[in-house]
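Enquirer: Here's a structure for you.
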2 protein chains.
Amino acid sequence: MDTIRPTSRDAILEAAFQTFSKRPGASLAEIADHAGVGRATLHRHFGSREALMAALAQTARDELNDAVDAAVGNTVSHTDGLRRALAAIIPLAERQWFLAQEPVLQNPAIEAAYVADQAALCTAIEEAKAEGTFDPNVPTRWIAETYDSLIFAAWEMVRDDALTADQAADLAWRTLTRGLGTEGLAGKT
Amino acid sequence: MDTIRPTSRDAILEAAFQTFSKRPGASLAEIADHAGVGRATLHRHFGSREALMAALAQTARDELNDAVDAAVGNTVSHTDGLRRALAAIIPLAERQWFLAQEPVLQNPAIEAAYVADQAALCTAIEEAKAEGTFDPNVPTRWIAETYDSLIFAAWEMVRDDALTADQAADLAWRTLTRGLGTEGLAGKT
DNA sequence: TATCCATGAGACATATATGTCTCATTTGAG
DNA sequence: CTCAAATGAGACATATATGTCTCATGGATA
């Protein structure tokens with residue numbers, strides 16, 4: 001059914017991720033070069049810069065959801081799910097990252113997906129609160145922001161070879177759960 | 001001594017901060033418009049886009065250092081200094097933020113200043129470790145990354161009116177010190 | 001082998017950003 | 001008031017990015 005060979009498309013997407021992550025203003029010619037592909041081919045696949053960006057956002061979201069689903073599996077504990085998802089997202093943080101710059105979020109469908117993902121995170125955090133993992137007095141959204149921020153921090157450390165992925169994930173999880181957990185609050189009404 | 005009136009320059013810098021924060025690729029014409037200034041005037045003051053970016057970076061760094069110095073004052077406790085600095089930086093986070101995008105960091109002088117600031121933060125964290133605020137087993141750089149990340153998270157919450165500046169600062173400090181503190185580790189060797 | 005189709009190279013028109021320059025006007029200081 | 005400096009408007013040349021189009025090539029398939 002594919003009327004166009006997939007390899008060029010994939011190469012362009014990969015090159016776009018790598019190049020735009022470092023310089024969001026890079027030209028399409030640069031992307032095409034990096035992908036080892038003619039500039040015309042890039043336009044055949046994506047039509048416009050905007051279409052390419054939308055495809056990148058879609059691809060990144062799919063990758064993220066696949067990784068999270070695979071990591072969480074059929075874990076019953078929401079707390080465990082959040083911990084595993086955190087570790088799984090760290091290696092993907094860079095791609096998610098450059099997409100968070102809003103020029104991409106102009107697209108309504110993409111923004112809607114982003115909002116839905118954030119809502120899902122908040123729901124999971126509420127469940128973990130019920131499991132006693134987080135202090136109910138801390139706003140759920142602050143926990144979510146911290147969750148995302150620590151993933152980014154962990155990715156930076158791993159990128160710079162300051163920590164292994166496992167070490168970074170453990171530190172991030174420790175920071176999150178001790179910082180926002182219920183430990184030491186048992187005495188409070 | 002000023003051969004050029006300062007008001008235009010300041011208006012341009014302010015407009016550039018606001019506009020570039022939202023869209024780093026904005027044109028200089030857009031900046032000039034936003035500043036209520038002719039495009040030629042912008043070039044008279046800054047010569048080139050690159051020069052403008054360097055001026056923005058310099059200005060932002062000065063603002064940050066001034067705010068931190070004012071907040072820290074003659075506080076003797078390094079822990080307290082870090083807490084006060086955190087609260088002081090939150091309102092400035094957006095400006096620091098867009099400067100972290102690397103096109104600006106190409107400038108060697110600016111990058112050097114950035115590295116020096118990070119080193120100063122790490123030194124302060126080491127001192128706070130000595131004061132018992134942070135777990136000595138946690139890498140200092142992880143604490144620094146967490147510090148920066150939580151400032152950004154706090155700024156986002158304040159920007160969206162989800163929290164007041166004070167609430168956000170308290171939550172960030174709690175997350176940092178409980179998450180990476182020595183509480184509950186007393187029993188360990 | 002013959003055919004189809006994605007591709008690469010590159011021409012082309014268009015749009016936009018950048019930086020320079022000129023000139024008339026305004027503003028502020030003396 | 002007078003003059004010098006800063007400014008705004010806009011022309012101008014240049015560079016670069018974008019998107020479209022054409023045509024020849026090469027590989028895969030029937």
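We label chains A, B, ... in the order they appear in the structure tokens, count residues from 1 in each chain, and number ligands from 1 in the order shown.
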Give me, as a VMD selection string, the contact residues of chain A against chain B at a cut-off of 7 Å, counting only C-alpha atoms.

Expert: chain A and resid 25 145 to 146 149 to 150 153 174 to 180

Enquirer: Write out as a PyMOL selection string every residue belonging to chain D that has an atom at most 7 Å from any atom of chain B, counting only C-alpha atoms (C1' of nucleotides).

Expert: chain D and resi 6-8

Enquirer: Quick check: residues of chain C within 10 Å of chain A, only C-alpha atoms (C1' of nucleotides), returned as number ranges by chain.

Expert: C: 5-10

Enquirer: Calculate how many Å separate CA of Leu56 (chain A) from CA of Arg49 (chain B), rounding to one decimal.

Expert: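 Calculated distance between CA of Leu56 (chain A) and CA of Arg49 (chain B) is 28.6 Å.
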
Enquirer: Let me make sure I understand: among D:DA15, D:DA4, D:DA9, D:DT20, which one has the smallest atom-to-atom distance to DG19 (chain C) if we use only C-alpha atoms (C1' of nucleotides)?

Expert: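 Looking only at the distances to DG19 (chain C), the closest residue turns out to be D:DA15.
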
Enquirer: CA of Arg84 (chain B) and CA of Asp10 (chain B), how far apart in Å?

Expert: 27.7 Å
